[in-house]
Each structure stands twice: as structure tokens, then as C-alpha cells.
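See structure below.
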Amino acid sequence: MAFLPDASLFILLNILIGINIARSEPFIGINYGNLGDNLPSPEDTVKLLQSTSIQKIRLYSPDIPMIKALANSGIDIVVGTQNSEIPALASDPNAAKTWINTNVLPFYPASNIFLIMVGNEISLDENFRKQLLPAMQNMQNALDAGSLGGKIKVSTVHSMSVLSHSDPPSSGEFQTWLVDVMKGFLGFNNATGSPFVINPYPYYAYNSDPRPARSALNSLGYNNVEIVVTETGWPSKGDDKEPWATIDKAKD
Ligand SMILES: *[C@@H]1O[C@H](CO)[C@@H](O)[C@H](O)[C@H]1NC(C)=O
């Protein structure tokens with residue numbers, strides 16, 4: 001695993017791994033959480049990233065100063081919506097247009113946003129589940145309207161709990177009650193060429209192994225949908241209640 005020279009600058013330094021089985025283009029990126037109070041400036045952060053082999057950064061929400069600082073940096077950007085924005089994005093196509101007009105259009109393509117994550121680990125939530133796909137579709141329509149469809153993809157981040165089991169990896173499949181829901185997401189991924197994104201949570205059993213998800217996708221016929229693994233790796237620094245969040249542990 002690759003870590004930054006001064007990884008402690010990041011409260012949550014996670015590795016974002018893209019695994020494209022078909023085209024075999026692995027990449028390393030980081031998840032950038034900006035909840036810390038001693039973070040370097042966006043400009044310094046970008047310089048630091050440029051000194052590494054990190055090619056992609058995921059922002060959990062549209063962090064405009066960071067998006068601006070990443071202009072012409074050679075680092076590609078994944079931007080998330082807040083989960084709380086999903087109801088509006090689902091019910092109002094104009095909310096999605098406003099989101100794109102505010103957070104993407106003024107900065108693209110100098111800031112190379114290539115993927116928008118609508119929601120984080122919300123696909124199992126009863127209240128959000130039905131809103132997620134309409135929100136993603138409205139976002140896609142807003143991108144299409146801005147002639148960005150195909151250039152910027154839309155997806156959502158699933159938690160590993162969408163799988164009923166994952167061991168051995170070849171037996172991985174979605175929870176039975178979720179199959180129809182997952183087919184909806186995969187149909188969207190397949191139709192728009194966007195990746196299926198999953199957080200494997202390696203602190204526990206899964207490491208960064210996407211094979212169970214691959215089997216689950218294949219069993220529904222979506223062999224062509226790419227898988228992106230987010231939030232693997234280890235937080236390099238936590239608060240007092242997180243003594244395990246150290247660089248040494250991260251190397252384990
Ligand atoms: C995925 O999309 C392709 C191309 O649009 C289509 O031919 C195929 O049937 C789709 N796969 C599934 C499982 O729906």
C-alpha cells in the first residue's frame with residue numbers, strides 16, 4: 001500500500017482502488033475527508049499528492065476550494081453528494097441541474113471530475129433506497145443536458161452488506177431480498193457505462209478483495225460493469241478512541 005510522506009496530515013487517508021478486470025487498468029487514489037482541523041491548504045494538499053503516484057482523489061462532498069485547487073493537476077476527481085441531498089435530487093430534476101451547475105460546470109474540464117457518487121452506503125437504507133436510482137438518473141440527465149454525459153459518470157457507493165456472503169469469493173452473491181434493487185443499479189451502471197462502487201471495509205474480513213462482488217455481478221449477467229473499490233486501506237490517524245488508526249497498523 002502506498003502512503004503519503006506525511007500521512008498524518010490526513011484524518012482519513014484511504015486508498016481508492018479501481019479494478020477493471022476487462023481492461024486491466026488498476027489505479028491508486030485517496031479518499032480525502034476534510035473534517036480535520038489541522039489540514040494543509042488545498043493547494044499544499046494537491047502539491048503533496050502530485051509528489052506521489054496517486055492519480056485520483058475522492059471528495060465526500062463538493063469541496064469547492066479543493067476542486068479548484070485540483071485544476072490542471074493531473075489528478076482525477078470523484079465527487080460525492082451528501083446523503084441528505086438525495087431526496088431533493090430524486091424528486092426535482094432542477095435540483096440535479098443546480099448541483100451540476102454549481103459544483104461541476106464552473107470547474108470542468110480543468111478540474112477533471114470523472115465520477116459523481118450519489119450517496120454513500122445508503123442503498124440498504126429503507127428510506128433512501130427508492131430515491132437513489134431516480135436521483136442518479138436526474139444527475140445523469142443533468143449531465144446529458146450539459147453535454148457532459150459519457151464524460152462524467154454517475155454511480156453510488158454500496159456497502160459490503162449488499163452481499164449475503166463473500167467467502168469463498170466465487171460464491172459471492174447479493175442478498176436475496178435485494179436482487180431486484182441491485183438489478184436496478186446495475187442496469188443503470190451498464191446503460192451509462194459507470195462503475196459499480198463498493199466499500200469493502202478491510203478493517204474486518206474483506207481486505208480489498210472485490211472478487212465476491214465480481215461474482216455477484218456476473219451472476220446477474222453484468223459481466224461488463226467495472227468495479228471500483230473505495231475505502232479500503234486504513235485511516236492513518238484517528239482520535240483518542242481510535243488507537244488502531246496508525247500508519248503501522250495500516251501497513252499490516
Ligand atoms: C448491458 O448493456 C449492453 C449494451 O447496452 C446490453 O447489450 C446488455 O444486454 C446489457 N446487459 C444486461 C445484463 O442488461
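Residue numbering restarts at 1 in every chain; chains get A, B, ... in the order shown in the C-alpha cells, and ligands count up from 1 in that same order.
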All residues 12 Å or closer to Ala145 (chain A), only C-alpha atoms, same chain fewer than 6 positions away omitted, as a PyMOL selection string:
chain A and resi 93-94+96-98+100-101+105+138-139
Which residues form the shell of 12 Å around ligand 1 when you count only C-alpha atoms and all ligand atoms, given as a PyMOL selection string?
chain A and resi 182-194+217-226
Taking the backbone alone, and naming residues the way the document does, which bits of region 122-176 of chain A are helix (DSSP H, G or I) by DSSP, as a PyMOL selection string?
chain A and resi 126-145+160-162+169-171+176
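You can rank A:Val154, A:Leu124, A:Val118, A:Leu59 by their closest distance to Pro87 (chain A) using only C-alpha atoms, and at the top of that list sits A:Val118.
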Determine, counting only C-alpha atoms, which protein, DNA and RNA residues have an atom within 6 Å of an atom of Val157 (chain A); residues of the same chain fewer than 4 positions away are not included. Present the result as a ChimeraX atom specification.
/A:120-121,197-198
Let me see the file: selected residues, all heavy atoms, as a short mmCIF file (atom, residue, chain, number, x, y, z; two decimals), in the first residue's frame.
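Writing the result to part32.cif gives the following:
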```
data_model
loop_
_atom_site.label_atom_id
_atom_site.label_comp_id
_atom_site.auth_asym_id
_atom_site.auth_seq_id
_atom_site.Cartn_x
_atom_site.Cartn_y
_atom_site.Cartn_z
N ASN A 120 -23.55 7.72 -0.18
CA ASN A 120 -22.52 6.83 0.33
C ASN A 120 -23.16 5.77 1.23
O ASN A 120 -23.75 6.11 2.26
CB ASN A 120 -21.49 7.64 1.12
CG ASN A 120 -20.32 6.80 1.57
OD1 ASN A 120 -19.87 5.89 0.86
ND2 ASN A 120 -19.82 7.07 2.76
N GLU A 121 -23.10 4.52 0.84
CA GLU A 121 -23.58 3.40 1.65
C GLU A 121 -25.02 3.59 2.10
O GLU A 121 -25.35 3.39 3.27
CB GLU A 121 -22.68 3.22 2.87
CG GLU A 121 -21.29 2.84 2.51
CD GLU A 121 -20.59 2.08 3.64
OE1 GLU A 121 -21.24 1.77 4.65
OE2 GLU A 121 -19.41 1.80 3.49
N VAL A 197 -19.68 0.58 -7.48
CA VAL A 197 -18.70 1.01 -6.48
C VAL A 197 -19.07 0.41 -5.12
O VAL A 197 -20.22 0.47 -4.70
CB VAL A 197 -18.66 2.55 -6.38
CG1 VAL A 197 -17.57 3.00 -5.41
CG2 VAL A 197 -18.44 3.16 -7.76
N ILE A 198 -18.10 -0.15 -4.45
CA ILE A 198 -18.37 -0.83 -3.18
C ILE A 198 -17.27 -0.55 -2.16
O ILE A 198 -16.09 -0.45 -2.52
CB ILE A 198 -18.58 -2.34 -3.42
CG1 ILE A 198 -19.13 -3.05 -2.19
CG2 ILE A 198 -17.32 -3.02 -3.96
CD1 ILE A 198 -19.83 -4.36 -2.50
#
```
DSSP says strand (DSSP E or B) for which residues of region 67-164 of chain A? Put them as a list of chain:residue names?
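DSSP-assigned strand (DSSP E or B) residues in region 67-164 of chain A: A:Asp76, A:Ile77, A:Val78, A:Val79, A:Gly80, A:Ile113, A:Phe114, A:Leu115, A:Ile116, A:Met117, A:Val118, A:Gly119, A:Asn120, A:Gly149, A:Ile152, A:Lys153, A:Val154, A:Ser155, A:Thr156, A:Val157, A:His158, A:Ser159, A:Leu163, A:Ser164.
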Report as a list of chain:residue names all protein, DNA and RNA residues lying within 6 Å of Arg58 (chain A), evaluated on only C-alpha atoms, omitting residues in the same chain fewer than 2 positions from it.
A:Asn31, A:Tyr32, A:Ile77, A:Val78, A:Val79
Okay, now the selection with N, CA, C and O atoms, as a compact mmCIF listing (two decimals), in the first residue's frame?
```txt
# COMPACT_ATOMS: atom_id res chain seq x y z
N ASN A 31 -9.16 8.78 -0.60
CA ASN A 31 -10.38 9.43 -0.15
C ASN A 31 -9.95 10.60 0.72
O ASN A 31 -9.21 10.42 1.68
N TYR A 32 -10.41 11.76 0.37
CA TYR A 32 -10.00 12.95 1.11
C TYR A 32 -11.15 13.43 1.97
O TYR A 32 -12.14 13.95 1.48
N ILE A 77 -10.84 13.43 -10.35
CA ILE A 77 -11.66 13.69 -9.15
C ILE A 77 -12.97 12.92 -9.17
O ILE A 77 -13.71 12.93 -10.15
N VAL A 78 -13.26 12.27 -8.05
CA VAL A 78 -14.58 11.70 -7.79
C VAL A 78 -15.25 12.60 -6.75
O VAL A 78 -14.64 12.88 -5.72
N VAL A 79 -16.46 13.07 -7.04
CA VAL A 79 -17.14 13.92 -6.08
C VAL A 79 -18.42 13.25 -5.63
O VAL A 79 -19.19 12.74 -6.44
```
